[in-house]
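Participant: Attaching a single structure in C-alpha cells format; questions to follow.
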Amino acid sequence: MTTKTFNDIFEQTIAEYHIKDDVNQEFKSNYKENSLEYLLNKKNWIDTVQWHLEDIIREPSINPEKALEIKRRIDKSNQDRTDLVELIDDYFFEQFNNVKPLPDSFINTETPAWAVDRLSILNLKIYHMRQEAERKDADANHREKCSFKLNILLQQREDLSLAINQLFDMLKSGKAVIKTYKQMKMYNDPNLNPVLRKSQK
C-alpha cells in the first residue's frame, strides 16, 4: 500500500463528512474493521471532526459552558487520535519487523504512522483552502491569496507522500529501522496527573 491509497482514503473520508457537515454525526466505515484502511478512515474522520470543533470553539460569543464542553471533546479527540496513530504504527511494525537491518541502517525522526498523521491533516488543509479559493462570496484578492496557499499545500502533500513512500522502501530494504514508541501522555491518566489524582480523594 502506498500513500496514493492513503490520500484517496483521506479525500473520500473528508468528502463523506461534509455531506452532512455535522460534528455530531456518527462514524461509519465501509472497510473491514481493524484493517489498515479502516484505521486510516477512522483516523481521518477524527481529524475532520476535530477540525470543525476547533472552528466552533473560536466563536467569540460562544457560551462559556459550551466552550468547556467543546474543549473536553477536543481533549478526548486528541487522545483518540493518538490511540489510532499507535494502532497504525503497530500495523507497520508487524509489516517490517522481520526485515533484518543493514549495518548502516538509520532510525527515522518520526514513526511511519506519525508521518501519515501529518498527511491526514494536510489533506484537511487542502480541502478547506480549496473551499476558500473558490468562495463565491469572497473578493478576488482573498481567492487569489488562498489559491497561492493551496498550491503550496498541494506541493507539500506531493513531497510528504514521496518521503513516506521512500521511508517504506528503506524499511523494506533494511536501510531504515522501524521502532514504535507509545506517547505516554500523562494528563489523561489519574495515576499520573496530580490534579486528577487529588480530585479522586
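We label chains A, B, ... in the order they appear in the C-alpha cells, count residues from 1 in each chain, and number ligands from 1 in the order shown.
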Taking a cut-off of 7 Å and counting only C-alpha atoms, can you build a table that, for each residue of region 43-128 of chain A near region 4-16 of chain A, reports the nearest atom pair and how far apart they are in Å (one decimal), sorted by chain then residue number, as a Markdown table?
Facilitator:
```
| residue | atom | partner | partner_atom | distance |
| --- | --- | --- | --- | --- |
| A:Asn44 | CA | A:Phe10 | CA | 6.0 |
| A:Trp45 | CA | A:Thr13 | CA | 6.3 |
| A:Thr48 | CA | A:Ile14 | CA | 6.6 |
| A:Ser120 | CA | A:Phe10 | CA | 6.2 |
| A:Asn123 | CA | A:Phe10 | CA | 6.7 |
```
Participant: Taking N, CA and C atoms for each residue, export the selection above as a CSV table (one decimal), in the first residue's frame.
Facilitator:
```csv
chain,number,residue,atom,x,y,z
A,44,ASN,N,-8.8,9.7,10.0
A,44,ASN,CA,-9.0,11.0,9.3
A,44,ASN,C,-10.4,11.5,9.7
A,45,TRP,N,-11.4,10.6,10.0
A,45,TRP,CA,-12.7,11.1,10.5
A,45,TRP,C,-12.5,11.9,11.8
A,48,THR,N,-11.1,15.2,11.0
A,48,THR,CA,-12.1,16.1,10.4
A,48,THR,C,-13.1,16.7,11.4
A,120,SER,N,-2.7,13.2,6.8
A,120,SER,CA,-4.1,13.3,7.1
A,120,SER,C,-4.5,14.7,7.3
A,123,ASN,N,-4.3,16.9,4.1
A,123,ASN,CA,-5.5,16.7,3.2
A,123,ASN,C,-6.6,17.6,3.7
```
Participant: Near region 144-161 of chain A, within 7 Å and counting only C-alpha atoms, which residues show up once chain neighbours fewer than 4 positions away are dropped, as an MDAnalysis selection string?
Facilitator: chainID A and resid 3 119 122 126 129:130 132:133 140 165
Participant: Using only C-alpha atoms, which residue out of A:Ile74, A:Leu39, A:Val195, A:Ala176 lies closest to Glu54 (chain A)?
Facilitator: A:Ile74
Participant: For Asn41 (chain A), which residue out of A:Glu110, A:Asp55, A:Ser77, A:Ile88 is the nearest one, using only C-alpha atoms?
Facilitator: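 Closest candidate: A:Ile88.
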Participant: What are the DSSP helix (DSSP H, G or I) residues of region 21-181 of chain A, as number ranges by chain?
Facilitator: A: 36-57, 64-96, 112-133, 140-173
Participant: What does the distance between CA of Arg81 (chain A) and CA of Asp169 (chain A) come to in Å, to one decimal place?
Facilitator: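 Going from CA of Arg81 (chain A) over to CA of Asp169 (chain A) covers 25.8 Å.
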Participant: For Glu37 (chain A), which of A:Asn108, A:Leu53, A:Arg72, A:Leu87 is the closest residue, counting only C-alpha atoms?
Facilitator: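 Counting only C-alpha atoms, the residue closest to Glu37 (chain A) is A:Leu87.
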Participant: With only C-alpha atoms as the basis for distance, which of A:Ile19, A:Ile178, A:Met1, A:Leu36 is at the shortest distance from Thr109 (chain A)?
Facilitator: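 Ranked by minimum distance to Thr109 (chain A), first place goes to A:Ile178.
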